[in-house]
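What follows is one structure encoded as structure tokens, with my remarks underneath.
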Amino acid sequence: MSVSIRLSRGGAKKRPYYRIVVANSRSPRDGSFIEKIGSYNPLLAKDDANRVVLDVERAKHWLAVGAQPTDRVLRFLDAAGVKERPARSNPNKGKPGEKATERAEERAAKVAAAAEPVAAEPAAADA
């Protein structure tokens, strides 16, 4: 059985509250779980101590047994110093798309075309 450490959503509509649970990876997100090892309340301030509550000893146990944390839970474990999260780098994510690049090139061409006659006129006046 493959086991994952993941978030299980609770709370009302527009008021999320998550439990950090150890569950069978094939069970539904809010379905049955093996053990609850913490909670996450995204509505609290980022510096609030109760935003992420985690039982570090149980998390270490489940990681030693072979449980795979999701990316969000891995961020919490990294902040707690339990497991290192490798840095990810996607240099293409911040680049504009094709259409935005085309629009920028067109704007640059218009600006260059508008600036050329202005620069050429004083040269003609000197002659």
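Labels used: A, B, ... for chains in the order of the structure tokens, numbers from 1 for residues in each chain, and numbers from 1 for ligands as shown.
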
Residues within 12 Å of region 84-95 of chain A, only C-alpha atoms, excluding chain neighbours under 2 positions, as JSON, numbers by chain: {"A": [63, 69, 70, 71, 72, 73, 74, 75, 76, 77, 78, 79, 80, 81, 82, 97, 98, 99, 100, 101]}

Non-local contacts of Asn50 (chain A) (10 Å; only C-alpha atoms; under 4 positions in same chain excluded) as a list in words: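 Listed by chain and then number, they are Ser39, Tyr40, Asn41, Pro42, Leu44, Ala45, Lys46 and Leu54 of chain A.
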
Go ahead and save the residues from that selection, with C-alpha atoms, as a compact mmCIF listing (two decimals), in the first residue's frame.
# COMPACT_ATOMS: atom_id res chain seq x y z
CA SER A 39 -3.45 20.99 10.83
CA TYR A 40 -3.10 24.00 8.54
CA ASN A 41 -5.27 27.12 8.69
CA PRO A 42 -4.50 29.40 5.70
CA LEU A 44 -4.35 32.94 9.88
CA ALA A 45 -1.45 35.35 9.43
CA LYS A 46 1.76 33.87 8.08
CA LEU A 54 2.53 19.55 13.07

All alpha helix (DSSP H) positions in chain A, as number ranges by chain: A: 56-65, 71-80, 98-126

Expected answer as JSON, numbers by chain: strand (DSSP E) residues in chain A: {"A": [3, 4, 5, 6, 7, 8, 9, 10, 11, 12, 15, 16, 17, 18, 19, 20, 21, 22, 23, 24, 35, 36, 37, 38, 39, 40, 52, 53, 54, 68, 69]}

Residue neighbourhood Gly31 (chain A), 12 Å, only C-alpha atoms, exclusion window fewer than 3 positions, as a ChimeraX atom specification: /A:6-10,19,21-28,34-35

Coordinates-based distance that separates CA of Ala12 (chain A) from CA of Ala59 (chain A) (Å, one decimal): 26.9 Å
